[in-house]
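Q: target_29.txt is reproduced below (compact mmCIF, C-alpha atoms and all ligand atoms).
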```txt
# COMPACT_ATOMS: atom_id res chain seq x y z
CA MET F 1 -10.42 -9.28 47.29
CA ASP F 2 -13.26 -8.76 44.82
CA ALA F 3 -16.91 -8.81 45.73
CA VAL F 4 -18.80 -11.86 44.41
CA ALA F 5 -22.37 -10.69 44.96
CA CYS F 6 -24.38 -7.94 46.54
CA LEU F 7 -27.10 -7.95 49.17
CA LEU F 8 -29.96 -5.59 48.52
CA PRO F 9 -30.36 -3.13 51.38
CA GLN F 10 -32.33 -4.60 54.26
CA ASP F 11 -33.66 -3.09 57.46
CA TRP F 12 -31.03 -4.58 59.73
CA MET F 13 -28.26 -3.20 57.47
CA THR F 14 -29.66 0.27 57.01
CA ALA F 15 -31.10 0.77 60.50
CA ARG F 16 -29.83 3.97 62.10
CA GLU F 17 -28.24 2.18 65.03
CA THR F 18 -26.39 -0.23 62.70
CA ARG F 19 -25.02 2.65 60.62
CA HIS F 20 -24.11 4.53 63.76
CA VAL F 21 -22.09 1.61 65.21
CA ILE F 22 -20.26 1.04 61.91
CA GLN F 23 -19.48 4.73 61.43
CA ALA F 24 -18.25 5.08 64.99
CA ILE F 25 -15.73 2.26 64.50
CA GLU F 26 -14.63 3.29 60.99
CA ARG F 27 -14.32 6.99 61.81
CA LEU F 28 -10.56 7.00 62.41
CA GLY F 29 -9.74 4.41 59.74
CA GLY F 30 -10.37 0.70 59.28
CA HIS F 31 -13.35 -1.29 58.05
CA VAL F 32 -16.36 -3.07 59.47
CA ARG F 33 -18.24 -5.85 57.69
CA PHE F 34 -21.22 -8.02 58.52
CA VAL F 35 -20.36 -11.68 58.96
CA GLY F 36 -21.83 -14.99 60.11
CA GLY F 37 -25.52 -15.71 60.53
CA ALA F 38 -26.71 -12.29 59.34
CA VAL F 39 -25.09 -12.63 55.91
CA ARG F 40 -25.99 -16.32 55.62
CA ASP F 41 -29.64 -15.80 56.54
CA ALA F 42 -29.99 -12.67 54.43
CA LEU F 43 -28.75 -14.61 51.38
CA LEU F 44 -31.38 -17.24 52.11
CA GLY F 45 -34.06 -14.60 52.34
CA ARG F 46 -34.60 -15.30 56.03
CA PRO F 47 -35.16 -12.77 58.78
CA VAL F 48 -32.01 -11.61 60.53
CA SER F 49 -32.08 -11.09 64.27
CA ASP F 50 -28.53 -11.36 65.53
CA VAL F 51 -25.95 -9.12 63.82
CA ASP F 52 -22.28 -10.07 64.03
CA LEU F 53 -19.64 -7.67 62.79
CA ALA F 54 -15.99 -8.20 61.88
CA THR F 55 -13.41 -5.42 61.80
CA ASP F 56 -9.72 -4.87 61.19
CA VAL F 57 -9.69 -2.34 64.04
CA ALA F 58 -8.07 -3.64 67.26
CA PRO F 59 -10.42 -4.33 70.21
CA ASP F 60 -9.06 -1.47 72.41
CA ALA F 61 -9.65 0.98 69.59
CA VAL F 62 -13.15 -0.45 68.98
CA ILE F 63 -13.97 0.11 72.66
CA ALA F 64 -12.51 3.62 72.65
CA ARG F 65 -14.23 4.69 69.44
CA LEU F 66 -17.64 3.36 70.46
CA GLY F 67 -17.22 5.01 73.85
CA GLN F 68 -16.43 8.37 72.21
CA ALA F 69 -19.57 8.06 70.12
CA GLY F 70 -21.62 7.53 73.28
CA ILE F 71 -22.41 3.88 72.46
CA LYS F 72 -22.40 1.40 75.32
CA VAL F 73 -19.78 -1.36 74.98
CA VAL F 74 -19.55 -4.59 76.96
CA PRO F 75 -16.27 -6.57 76.75
CA THR F 76 -18.11 -9.88 76.33
CA GLY F 77 -15.21 -11.89 74.91
CA LEU F 78 -12.23 -9.61 75.02
CA ALA F 79 -9.79 -12.55 75.30
CA HIS F 80 -10.72 -13.57 71.77
CA GLY F 81 -11.28 -10.09 70.41
CA THR F 82 -15.04 -9.75 70.81
CA VAL F 83 -16.92 -6.83 72.31
CA THR F 84 -20.65 -6.21 72.25
CA ALA F 85 -22.10 -2.82 71.41
CA VAL F 86 -25.53 -2.13 72.82
CA HIS F 87 -27.25 0.64 70.95
CA ALA F 88 -30.91 1.57 70.95
CA GLY F 89 -31.82 -1.85 72.36
CA ARG F 90 -29.88 -3.76 69.68
CA HIS F 91 -26.81 -5.89 70.32
CA PHE F 92 -23.90 -6.06 67.93
CA GLU F 93 -21.09 -8.57 68.48
CA ILE F 94 -17.95 -7.05 67.06
CA THR F 95 -14.92 -9.29 66.59
CA THR F 96 -11.52 -8.12 65.45
CA LEU F 97 -10.05 -10.14 62.57
CA ARG F 98 -7.91 -12.89 64.00
CA ARG F 99 -6.26 -16.18 63.43
CA ASP F 100 -6.11 -19.00 65.90
CA VAL F 101 -2.48 -19.62 66.76
CA GLU F 102 -2.98 -22.63 68.97
CA ALA F 103 -6.09 -24.55 69.91
CA ASP F 104 -6.36 -27.16 72.63
CA GLY F 105 -9.93 -28.17 71.97
CA ARG F 106 -11.30 -25.55 74.33
CA ARG F 107 -9.38 -22.33 74.39
CA ALA F 108 -7.62 -20.87 71.40
CA LYS F 109 -4.56 -18.68 71.57
CA ILE F 110 -5.15 -15.96 69.03
CA ALA F 111 -3.36 -13.25 67.07
CA TYR F 112 -5.01 -10.27 65.42
CA THR F 113 -4.64 -9.75 61.71
CA ASP F 114 -5.83 -7.31 59.08
CA ASP F 115 -6.35 -10.09 56.54
CA TRP F 116 -10.01 -10.90 55.95
CA ALA F 117 -9.17 -14.22 54.29
CA GLU F 118 -7.19 -15.31 57.33
CA ASP F 119 -10.15 -14.51 59.57
CA ALA F 120 -12.42 -16.55 57.30
CA GLU F 121 -10.06 -19.53 57.65
CA ARG F 122 -10.58 -19.72 61.43
CA ARG F 123 -14.40 -19.66 61.17
CA ASP F 124 -16.32 -22.90 61.47
CA PHE F 125 -18.27 -23.35 58.22
CA THR F 126 -17.97 -21.83 54.77
CA VAL F 127 -21.58 -20.59 55.01
CA ASN F 128 -20.57 -18.63 58.13
CA ALA F 129 -17.44 -17.10 56.62
CA LEU F 130 -19.01 -14.63 54.18
CA PHE F 131 -18.48 -10.92 54.78
CA ALA F 132 -20.78 -8.14 53.60
CA GLY F 133 -19.81 -4.46 53.61
CA GLY F 134 -22.21 -1.78 54.76
CA ASP F 135 -23.04 -1.30 51.04
CA GLY F 136 -24.05 -4.97 50.71
CA LEU F 137 -21.04 -6.10 48.67
CA ILE F 138 -20.20 -9.68 49.56
CA PHE F 139 -16.70 -11.09 49.98
CA ASP F 140 -16.23 -14.80 49.95
CA PRO F 141 -12.69 -15.96 50.76
CA VAL F 142 -13.52 -19.64 51.32
CA GLY F 143 -16.23 -20.42 48.78
CA GLY F 144 -19.22 -20.05 51.08
CA LEU F 145 -21.62 -18.50 48.59
CA ASP F 146 -22.08 -21.67 46.52
CA ASP F 147 -22.58 -23.62 49.74
CA VAL F 148 -25.22 -21.20 51.03
CA LEU F 149 -27.11 -21.44 47.76
CA ALA F 150 -26.91 -25.26 47.86
CA ARG F 151 -27.62 -25.19 51.61
CA ARG F 152 -24.53 -27.25 52.15
CA VAL F 153 -22.82 -27.00 55.53
CA ARG F 154 -19.11 -27.61 55.08
CA PHE F 155 -16.26 -27.09 57.52
CA VAL F 156 -13.64 -24.56 56.54
CA GLY F 157 -10.53 -26.70 56.04
CA ASP F 158 -10.12 -30.25 57.28
CA PRO F 159 -13.24 -31.25 59.28
CA ALA F 160 -11.43 -33.58 61.70
CA ARG F 161 -8.82 -30.94 62.52
CA ARG F 162 -11.42 -28.23 62.97
CA ILE F 163 -13.41 -30.44 65.35
CA THR F 164 -10.43 -31.39 67.49
CA GLU F 165 -9.49 -27.70 67.73
CA ASP F 166 -12.93 -26.93 69.17
CA VAL F 167 -15.38 -29.78 69.71
CA LEU F 168 -18.29 -27.36 69.96
CA ARG F 169 -18.10 -27.08 66.17
CA LEU F 170 -19.41 -30.62 65.99
CA LEU F 171 -22.67 -29.56 67.65
CA ARG F 172 -22.73 -26.33 65.67
CA TYR F 173 -22.65 -28.48 62.54
CA TYR F 174 -25.97 -30.07 63.46
CA ARG F 175 -27.34 -26.70 64.47
CA MET F 176 -26.52 -25.33 61.03
CA LEU F 177 -28.15 -28.39 59.43
CA ALA F 178 -31.22 -27.76 61.59
CA ARG F 179 -31.33 -24.23 60.17
CA LEU F 180 -30.40 -24.84 56.55
CA GLY F 181 -31.97 -28.25 56.04
CA ILE F 182 -30.29 -31.58 55.61
CA HIS F 183 -30.51 -32.01 51.86
CA GLY F 184 -27.07 -30.92 50.83
CA ILE F 185 -25.09 -32.92 53.34
CA ASP F 186 -21.34 -32.83 52.84
CA PRO F 187 -20.25 -36.45 53.47
CA ALA F 188 -16.77 -35.54 54.73
CA SER F 189 -18.14 -33.09 57.31
CA ARG F 190 -20.73 -35.53 58.57
CA ALA F 191 -18.29 -38.44 58.72
CA ALA F 192 -15.87 -36.38 60.81
CA CYS F 193 -18.67 -35.50 63.24
CA ARG F 194 -19.63 -39.13 63.67
CA ALA F 195 -16.03 -40.12 64.24
CA HIS F 196 -15.48 -37.49 66.94
CA ALA F 197 -18.73 -37.71 68.91
CA HIS F 198 -16.84 -39.37 71.77
CA LEU F 199 -15.12 -36.02 72.43
CA LEU F 200 -18.41 -34.27 73.23
CA PRO F 201 -18.44 -35.02 76.99
CA GLY F 202 -15.49 -32.64 77.38
CA LEU F 203 -17.65 -29.62 76.52
CA SER F 204 -18.98 -27.29 79.19
CA GLY F 205 -22.67 -27.46 80.04
CA GLU F 206 -23.32 -23.85 79.05
CA ARG F 207 -21.92 -24.30 75.54
CA VAL F 208 -23.77 -27.60 75.02
CA ARG F 209 -27.01 -26.12 76.26
CA SER F 210 -26.86 -23.16 73.94
CA GLU F 211 -26.42 -25.38 70.85
CA ILE F 212 -28.96 -28.04 71.90
CA GLU F 213 -31.48 -25.35 72.67
CA ARG F 214 -31.05 -23.82 69.26
CA ILE F 215 -31.24 -27.20 67.52
CA LEU F 216 -34.45 -28.16 69.32
CA ALA F 217 -36.01 -24.71 68.89
CA VAL F 218 -36.24 -24.76 65.08
CA ALA F 219 -39.74 -25.07 63.65
CA ASP F 220 -39.23 -28.72 62.71
CA PRO F 221 -36.26 -30.42 64.39
CA ARG F 222 -37.25 -33.91 63.20
CA PRO F 223 -34.90 -34.28 60.23
CA VAL F 224 -31.89 -33.19 62.21
CA ALA F 225 -32.98 -35.28 65.21
CA ARG F 226 -32.88 -38.34 62.95
CA LEU F 227 -29.30 -37.48 62.06
CA LEU F 228 -28.39 -36.94 65.70
CA GLU F 229 -29.73 -40.38 66.43
CA GLU F 230 -28.09 -42.09 63.45
CA ASP F 231 -24.77 -40.40 64.10
CA GLY F 232 -24.82 -41.09 67.86
CA ILE F 233 -24.36 -37.41 68.73
CA LEU F 234 -26.69 -37.00 71.69
CA ALA F 235 -25.80 -40.24 73.46
CA PRO F 236 -22.36 -39.14 74.75
CA LEU F 237 -23.90 -35.92 76.10
CA LEU F 238 -27.26 -37.10 77.39
CA PRO F 239 -27.22 -40.89 77.64
CA ALA F 240 -30.75 -40.91 79.08
CA ALA F 241 -32.21 -39.09 76.07
CA PRO F 242 -32.94 -41.76 73.46
CA GLY F 243 -36.64 -40.84 73.03
CA PHE F 244 -36.39 -39.89 69.38
CA ALA F 245 -39.60 -41.72 68.49
CA ARG F 246 -41.48 -39.62 71.05
CA LEU F 247 -40.00 -36.41 69.69
CA GLU F 248 -41.02 -37.51 66.22
CA ARG F 249 -44.66 -37.88 67.32
CA LEU F 250 -44.67 -34.82 69.54
CA VAL F 251 -43.58 -32.20 67.00
CA PRO F 252 -46.61 -32.24 64.67
CA THR F 253 -49.00 -31.94 67.65
CA GLU F 254 -47.40 -28.90 69.26
CA PRO F 255 -49.15 -25.53 69.34
CA ALA F 256 -45.70 -23.88 69.03
CA ALA F 257 -42.04 -24.86 69.12
CA ASP F 258 -40.77 -25.37 72.67
CA TRP F 259 -37.24 -26.66 73.10
CA LEU F 260 -37.63 -27.69 76.75
CA ARG F 261 -40.77 -29.74 76.12
CA ARG F 262 -38.96 -31.41 73.23
CA LEU F 263 -36.03 -32.17 75.50
CA ALA F 264 -38.46 -33.69 78.02
CA ALA F 265 -39.76 -35.96 75.26
CA LEU F 266 -36.25 -37.23 74.60
CA ILE F 267 -35.48 -38.18 78.21
CA ASP F 268 -36.12 -41.66 79.59
CA GLY F 269 -35.82 -42.54 83.26
CA GLY F 270 -38.23 -40.15 84.96
CA ILE F 271 -37.41 -37.40 87.40
CA ALA F 272 -33.94 -38.66 88.29
CA GLU F 273 -32.76 -38.48 84.67
CA ALA F 274 -34.53 -35.17 84.05
CA GLU F 275 -32.60 -33.74 87.00
CA ARG F 276 -29.37 -35.17 85.72
CA ALA F 277 -29.94 -33.70 82.24
CA ALA F 278 -30.82 -30.31 83.78
CA ASP F 279 -27.58 -30.44 85.71
CA ARG F 280 -25.53 -31.42 82.66
CA LEU F 281 -27.00 -28.56 80.63
CA ARG F 282 -26.76 -26.08 83.53
CA LEU F 283 -30.43 -25.21 83.23
CA SER F 284 -31.75 -22.38 85.38
CA ARG F 285 -33.75 -23.20 88.46
CA HIS F 286 -36.99 -22.39 86.69
CA GLU F 287 -36.08 -24.52 83.65
CA THR F 288 -35.05 -27.42 85.87
CA ALA F 289 -38.36 -27.29 87.70
CA ARG F 290 -40.18 -27.33 84.40
CA LEU F 291 -38.18 -30.24 82.97
CA VAL F 292 -38.78 -32.22 86.15
CA ALA F 293 -42.51 -31.42 86.05
CA LEU F 294 -42.60 -32.78 82.50
CA ALA F 295 -40.59 -35.94 83.23
CA GLY F 296 -42.02 -39.38 82.44
CA PRO F 297 -43.53 -41.80 82.84
CA TRP F 298 -46.54 -40.35 81.07
CA GLY F 299 -49.84 -42.16 81.45
CA ALA F 300 -53.62 -42.05 81.39
CA ASP F 301 -53.64 -39.49 84.25
CA ASP F 302 -52.02 -37.04 81.91
CA VAL F 303 -54.93 -37.22 79.50
CA PRO F 304 -57.92 -36.25 81.68
CA VAL F 305 -61.25 -36.79 79.95
CA GLY F 306 -64.25 -34.56 80.61
CA GLU F 307 -64.54 -31.15 82.20
CA LYS F 308 -64.34 -32.26 85.82
CA ALA F 309 -61.22 -34.36 85.32
CA CYS F 310 -59.56 -31.58 83.32
CA ARG F 311 -60.33 -29.03 86.02
CA ASP F 312 -58.98 -31.33 88.75
CA ARG F 313 -55.79 -31.79 86.82
CA LEU F 314 -55.57 -28.09 86.03
CA TYR F 315 -55.93 -27.28 89.71
CA ALA F 316 -53.28 -29.82 90.64
CA ILE F 317 -50.55 -28.95 88.12
CA GLY F 318 -51.43 -25.69 86.32
CA ALA F 319 -52.33 -24.96 82.71
CA GLU F 320 -48.87 -25.14 81.17
CA THR F 321 -48.00 -28.48 82.72
CA LEU F 322 -51.44 -29.90 81.95
CA ARG F 323 -51.00 -29.01 78.29
CA ASP F 324 -47.42 -30.22 78.06
CA ARG F 325 -47.98 -33.51 79.87
CA ALA F 326 -51.03 -34.25 77.70
CA LEU F 327 -48.93 -33.68 74.57
CA LEU F 328 -46.10 -35.81 75.94
CA ALA F 329 -48.47 -38.57 76.97
CA ALA F 330 -49.92 -38.68 73.46
CA ALA F 331 -46.40 -38.77 72.01
CA ALA F 332 -45.55 -41.62 74.39
CA GLY F 333 -48.53 -43.66 73.19
CA ALA F 334 -50.59 -43.14 76.37
CA ASP F 335 -53.58 -41.65 74.55
CA PRO F 336 -55.08 -44.53 72.59
CA ASP F 337 -58.47 -42.80 72.28
CA GLY F 338 -57.07 -39.54 70.93
CA ARG F 339 -58.38 -37.36 73.78
CA ALA F 340 -55.23 -35.34 74.49
CA GLY F 341 -56.52 -32.49 72.32
CA GLU F 342 -59.34 -31.91 74.81
CA ALA F 343 -56.91 -31.51 77.68
CA VAL F 344 -54.80 -29.15 75.59
CA ALA F 345 -57.90 -27.09 74.79
CA ALA F 346 -59.00 -27.08 78.44
CA ALA F 347 -55.55 -25.84 79.44
CA ALA F 348 -56.06 -22.91 77.08
CA TRP F 349 -59.55 -21.82 78.12
CA MET F 350 -60.23 -23.09 81.62
CA GLU F 351 -59.38 -20.90 84.56
CA ARG F 352 -57.36 -22.51 87.29
CA PRO F 353 -59.49 -22.49 90.47
CA VAL F 354 -58.09 -20.57 93.42
CA PHE F 355 -58.75 -22.01 96.87
CA PRO F 356 -60.28 -19.09 98.79
CA LEU F 357 -59.24 -20.08 102.32
CA ARG F 358 -55.94 -19.14 104.07
CA GLY F 359 -54.30 -20.26 107.27
CA ARG F 360 -55.30 -17.04 108.98
CA ASP F 361 -58.98 -17.82 108.30
CA VAL F 362 -58.58 -21.07 110.18
CA LEU F 363 -56.70 -19.37 113.04
CA ALA F 364 -59.55 -16.86 113.27
CA LEU F 365 -61.84 -19.74 114.10
CA GLY F 366 -59.80 -20.36 117.22
CA VAL F 367 -57.85 -23.36 115.94
CA PRO F 368 -54.44 -23.30 117.68
CA ARG F 369 -51.30 -22.80 115.56
CA GLY F 370 -49.68 -26.03 114.45
CA ALA F 371 -50.34 -29.09 112.33
CA ALA F 372 -54.09 -28.90 112.93
CA VAL F 373 -54.30 -25.75 110.77
CA GLY F 374 -52.85 -27.52 107.75
CA ARG F 375 -55.01 -30.58 108.30
CA LEU F 376 -58.16 -28.51 108.46
CA LEU F 377 -57.22 -26.46 105.40
CA ALA F 378 -56.56 -29.67 103.46
CA ALA F 379 -59.89 -31.15 104.53
CA VAL F 380 -61.81 -28.06 103.39
CA GLU F 381 -59.85 -27.99 100.15
CA ARG F 382 -60.81 -31.63 99.42
CA TRP F 383 -64.47 -30.80 100.07
CA TRP F 384 -64.25 -27.66 97.91
CA ALA F 385 -62.60 -29.59 95.03
CA ALA F 386 -65.08 -32.47 95.23
CA ASP F 387 -67.86 -29.90 95.00
CA GLY F 388 -66.47 -28.56 91.72
CA TYR F 389 -64.47 -25.62 93.16
CA ARG F 390 -67.69 -23.62 93.50
CA ALA F 391 -67.84 -22.74 97.18
CA ASP F 392 -66.70 -19.17 97.86
CA ALA F 393 -64.65 -17.89 100.80
CA ALA F 394 -67.68 -17.55 103.09
CA ALA F 395 -68.88 -21.07 102.35
CA CYS F 396 -65.40 -22.48 102.87
CA ARG F 397 -65.08 -20.63 106.21
CA GLU F 398 -68.40 -22.07 107.29
CA ARG F 399 -67.29 -25.54 106.32
CA ALA F 400 -64.04 -25.02 108.22
CA ALA F 401 -66.00 -23.95 111.29
CA VAL F 402 -68.14 -27.07 111.11
CA LEU F 403 -65.11 -29.32 110.75
CA ALA F 404 -63.24 -27.49 113.51
CA ARG F 405 -66.15 -27.95 115.92
CA ALA F 406 -66.47 -31.59 114.94
CA GLY F 407 -62.72 -32.11 115.36
CA GLY F 408 -62.51 -30.12 118.61
P1 LIG G 1 -26.96 -17.29 64.56
O1 LIG G 1 -27.77 -16.81 63.42
O2 LIG G 1 -27.65 -18.34 65.35
O3 LIG G 1 -26.41 -16.18 65.42
P2 LIG G 1 -24.24 -17.54 63.69
O4 LIG G 1 -23.62 -18.31 62.57
O5 LIG G 1 -24.18 -16.05 63.59
O6 LIG G 1 -25.72 -18.06 63.87
P3 LIG G 1 -22.88 -17.20 66.20
O7 LIG G 1 -22.78 -18.14 67.35
O8 LIG G 1 -23.55 -15.90 66.38
O9 LIG G 1 -23.53 -18.03 65.01
O10 LIG G 1 -21.38 -16.97 65.70
C1 LIG G 1 -21.03 -15.93 64.76
C2 LIG G 1 -19.96 -16.41 63.81
O11 LIG G 1 -18.75 -16.65 64.54
C3 LIG G 1 -20.27 -17.72 63.11
O12 LIG G 1 -21.05 -17.50 61.95
C4 LIG G 1 -18.87 -18.20 62.76
O13 LIG G 1 -18.34 -17.51 61.65
C5 LIG G 1 -18.08 -17.80 63.98
N1 LIG G 1 -18.04 -18.84 65.03
C6 LIG G 1 -18.85 -18.98 66.10
N2 LIG G 1 -18.49 -20.02 66.86
C7 LIG G 1 -17.42 -20.58 66.26
C8 LIG G 1 -16.57 -21.69 66.57
N3 LIG G 1 -16.79 -22.44 67.65
N4 LIG G 1 -15.55 -21.94 65.72
C9 LIG G 1 -15.32 -21.17 64.64
N5 LIG G 1 -16.08 -20.13 64.30
C10 LIG G 1 -17.11 -19.81 65.09
MG MG G 2 -24.85 -14.74 65.09
```
Can you turn what I pasted into structure tokens?
Ligand code: ATP
Ligand code: MG
A:
Amino acid sequence: MDAVACLLPQDWMTARETRHVIQAIERLGGHVRFVGGAVRDALLGRPVSDVDLATDVAPDAVIARLGQAGIKVVPTGLAHGTVTAVHAGRHFEITTLRRDVEADGRRAKIAYTDDWAEDAERRDFTVNALFAGGDGLIFDPVGGLDDVLARRVRFVGDPARRITEDVLRLLRYYRMLARLGIHGIDPASRAACRAHAHLLPGLSGERVRSEIERILAVADPRPVARLLEEDGILAPLLPAAPGFARLERLVPTEPAADWLRRLAALIDGGIAEAERAADRLRLSRHETARLVALAGPWGADDVPVGEKACRDRLYAIGAETLRDRALLAAAAGADPDGRAGEAVAAAAWMERPVFPLRGRDVLALGVPRGAAVGRLLAAVERWWAADGYRADAAACRERAAVLARAGG
């Protein structure tokens, strides 16, 4: 196969650890080439973070050779020929050339091959099926170069067949559009996605999450979100997430991209639906708590006006939630006077007050263990908050003593 173009040397290609991994695998024969997002993004002049490698060396030999070179290897996807080398803090996914013998929509039965073109055929999109040698020479078995330059995301082979083989490709299609832009849409690819959206519920939560996260995390997900809506792609996965208009208004107001806040904007139905979405996407405990804290309805409370109200809200829910709920409230139309920016600013500069009294302080006053301790603490806290969070520990103890005497 002849090279069709050449990448100029770039840091991620020439980095010592990259060279070291490639040399370790090629040492006893065989070849390693860059593939996937690294080649695609490099051709677009974008930064490359994640480096995927393809090789005609069998996985056992890849593991052995890396091991001999003292490079750590993790068998991350051995069943489909992928191992991950971890070297000097960088991760390299290395996949042996393969073809998919049988695909049932989830798991493919595979066979290894030494034919680069065959490996390109089993990849999802032409823009992801370009190989680049360590010297930068580019090989293009399925016509991906023209598509990269036109920013056109096209399935390799028949789109409908490729989607039924692995439905995740349908979501990956929108992820690639989110990355490359939606100008050069290939009508056949898009039509096949629309027609197969009903298959999406069969996907595992982890796989769905990873793609949705990456779609929502791009700098501006609005164009692709419009397509998701028009094509009915999100509805089969997250039926309670029709809030595209909110997302549309949220994005230009955000201090930085934040996929979870954007997901919160999409979800209707309050805490119950936020919990259900978190479950569907297998979010971590921390992420679930955050999504629930950001759940609607959003209202005037979320846009506190004035320093006192902002501080009260900050004390109650914390800076991050104050900021996010103010942004969401504005996006939901609950900020008719345009004051959300003040709450967002307060969240950035105001310090969250810390209540200086503990249970042991109350016990030290001779209050017996039990519900009375909590009641007294809460009463002092209300007094302290109403007074602008100014009273220090000594003043709060004094207040507690007064209340304890009055109560006792
Ligand atoms: P990113 O820059 O986000 O890493 P990527 O294109 O490299 O994008 P990966 O998920 O890292 O995406 O996958 C690496 C490559 O493996 C893809 O470019 C594609 O060639 C192939 N690939 C990944 N998932 C699939 C799939 N479900 N079906 C076919 N090929 C796939
Ligand atoms: Mg990648």
Q: For Thr18 (chain F), find every residue with an atom within 9 Å (counting only C-alpha atoms), except residues of its own chain fewer than 6 positions away, and show them as a PyMOL selection string.
A: chain F and resi 12+51+87+90+92
Q: Dump as a Markdown table the rows for residues of chain F within 7 Å of ligand LIG 1 (chain G): closest atom pair and distance in Å with one decimal, all atoms listed in the file counted, ordered by chain and rising residue number.
A:
```
| residue | atom | partner | partner_atom | distance |
| --- | --- | --- | --- | --- |
| F:Val35 | CA | G:LIG1 | O12 | 6.6 |
| F:Gly36 | CA | G:LIG1 | O12 | 3.2 |
| F:Gly37 | CA | G:LIG1 | O5 | 3.4 |
| F:Ala38 | CA | G:LIG1 | O1 | 6.2 |
| F:Asp50 | CA | G:LIG1 | O3 | 5.3 |
| F:Asp52 | CA | G:LIG1 | C1 | 6.0 |
| F:Arg122 | CA | G:LIG1 | C9 | 5.9 |
| F:Arg123 | CA | G:LIG1 | N5 | 3.6 |
| F:Asp124 | CA | G:LIG1 | C9 | 3.7 |
| F:Phe125 | CA | G:LIG1 | O13 | 6.8 |
| F:Asn128 | CA | G:LIG1 | O12 | 4.0 |
| F:Ala129 | CA | G:LIG1 | O13 | 5.1 |
| F:Asp166 | CA | G:LIG1 | N3 | 6.1 |
| F:Leu168 | CA | G:LIG1 | N3 | 5.6 |
| F:Arg169 | CA | G:LIG1 | N3 | 5.0 |
```
Q: Could you check the closest approach to ligand MG 2 (chain G) for each of F:Ala88, F:Ala265, F:Ala332, F:Met176 and tell me which residue wins, using all atoms listed in the file?
A: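 Using all atoms listed in the file, the shortest distance to ligand MG 2 (chain G) belongs to F:Met176.
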Q: So how far away is CA of Phe244 (chain F) from CA of Arg226 (chain F), in Å?
A: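 Value for the CA of Arg226 (chain F)-CA of Phe244 (chain F) distance: 7.5 Å.
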Q: Contacts of region 63-74 of chain F at 12 Å or less, counting only C-alpha atoms, minus same-chain residues fewer than 5 places along, as a PyMOL selection string?
A: chain F and resi 17-18+20-30+57-58+81-96
Q: So how far away is CA of Val354 (chain F) from CA of Leu376 (chain F), in Å?
A: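 Spanning CA of Leu376 (chain F) to CA of Val354 (chain F) is a straight-line distance of 17.0 Å.
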Q: Calculate how many Å separate CA of Leu322 (chain F) from CA of Ala343 (chain F), rounding to one decimal.
A: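 CA of Ala343 (chain F) lies at a distance of 7.1 Å from CA of Leu322 (chain F).
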Q: Nearest to ligand MG 2 (chain G): which of F:Ala160, F:Leu199, F:Arg214, F:Ala364 is it, counting only C-alpha atoms and all ligand atoms?
A: F:Arg214
Q: Got a sec to check which residues sit within 7 Å of (-10.0, -19.2, 53.4), counting only C-alpha atoms, and write them as a PDB file with C-alpha atoms, in the coordinates of the input?
A:
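Now in selection.pdb:
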```pdb
ATOM      1  CA  ALA F 117      -9.170 -14.220  54.290  1.00  0.00           C
ATOM      2  CA  GLU F 118      -7.190 -15.310  57.330  1.00  0.00           C
ATOM      3  CA  ALA F 120     -12.420 -16.550  57.300  1.00  0.00           C
ATOM      4  CA  GLU F 121     -10.060 -19.530  57.650  1.00  0.00           C
ATOM      5  CA  PRO F 141     -12.690 -15.960  50.760  1.00  0.00           C
ATOM      6  CA  VAL F 142     -13.520 -19.640  51.320  1.00  0.00           C
TER       7      VAL F 142
END
```
Q: From the set F:Phe155, F:Tyr315, F:Phe34, F:Trp349, which residue has the shortest atom-to-atom contact distance to ligand MG 2 (chain G), counting all atoms listed in the file?
A: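 For ligand MG 2 (chain G), the nearest of the candidates is F:Phe34.
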Q: As a list in words, please: the residues near Asp302 (chain F) (cut-off 8 Å, only C-alpha atoms, same-chain neighbours under 3 positions excluded).
A: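 Listed by chain and then number, they are Trp298, Gly299, Leu322, Arg325, Ala326 and Ala329 of chain F.
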Q: Could you write out that same residue set with C-alpha atoms as a tab-separated table (two decimals), keeping the file's coordinate frame?
A:
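Contents of the output file selection_35.tsv:
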```
chain	number	residue	atom	x	y	z
F	298	TRP	CA	-46.54	-40.35	81.07
F	299	GLY	CA	-49.84	-42.16	81.45
F	322	LEU	CA	-51.44	-29.90	81.95
F	325	ARG	CA	-47.98	-33.51	79.87
F	326	ALA	CA	-51.03	-34.25	77.70
F	329	ALA	CA	-48.47	-38.57	76.97
```
Q: Extract, using only C-alpha atoms, all DNA, RNA and protein residues at most 10 Å from Arg360 (chain F), discarding same-chain residues fewer than 5 positions from it, and format them as a list in words.
A: Leu365, Gly366, Val367, Arg369 and Val373 of chain F
Q: So that I can see what lies close to Gly374 (chain F), please list as a PyMOL selection string the residues with an atom at most 12 Å from it, counting all atoms listed in the file and leaving out residues fewer than 2 positions away in the same chain.
A: chain F and resi 357-363+367-372+376-381+400+404
Q: Would you please work out which residue, of F:Val148, F:Met13, F:Ala192, F:Leu53, is nearest to ligand MG 2 (chain G) when using all atoms listed in the file?
A: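 Looking only at the distances to ligand MG 2 (chain G), the closest residue turns out to be F:Leu53.
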Q: Hey, which of F:Leu228, F:Ala300, F:Leu97, F:Ile185 ends up closest to Ala150 (chain F)? Count all atoms listed in the file.
A: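 With all atoms listed in the file as the atom set, the closest residue is F:Ile185.
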Q: For ligand MG 2 (chain G), which of F:Ala54, F:Gly144, F:Asp279, F:Ala330 is the closest residue, counting all atoms listed in the file?
A: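 With all atoms listed in the file as the atom set, the closest residue is F:Ala54.
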Q: As lines of an AutoDock Vina configuration file, what would the box around region 84-93 of chain F look like: edges along x, y and z, 8 Å added on every side, centre and edge lengths in Å to one decimal?
A:
```
center_x = -26.2
center_y = -3.5
center_z = 70.4
size_x = 27.2
size_y = 26.1
size_z = 20.9
```
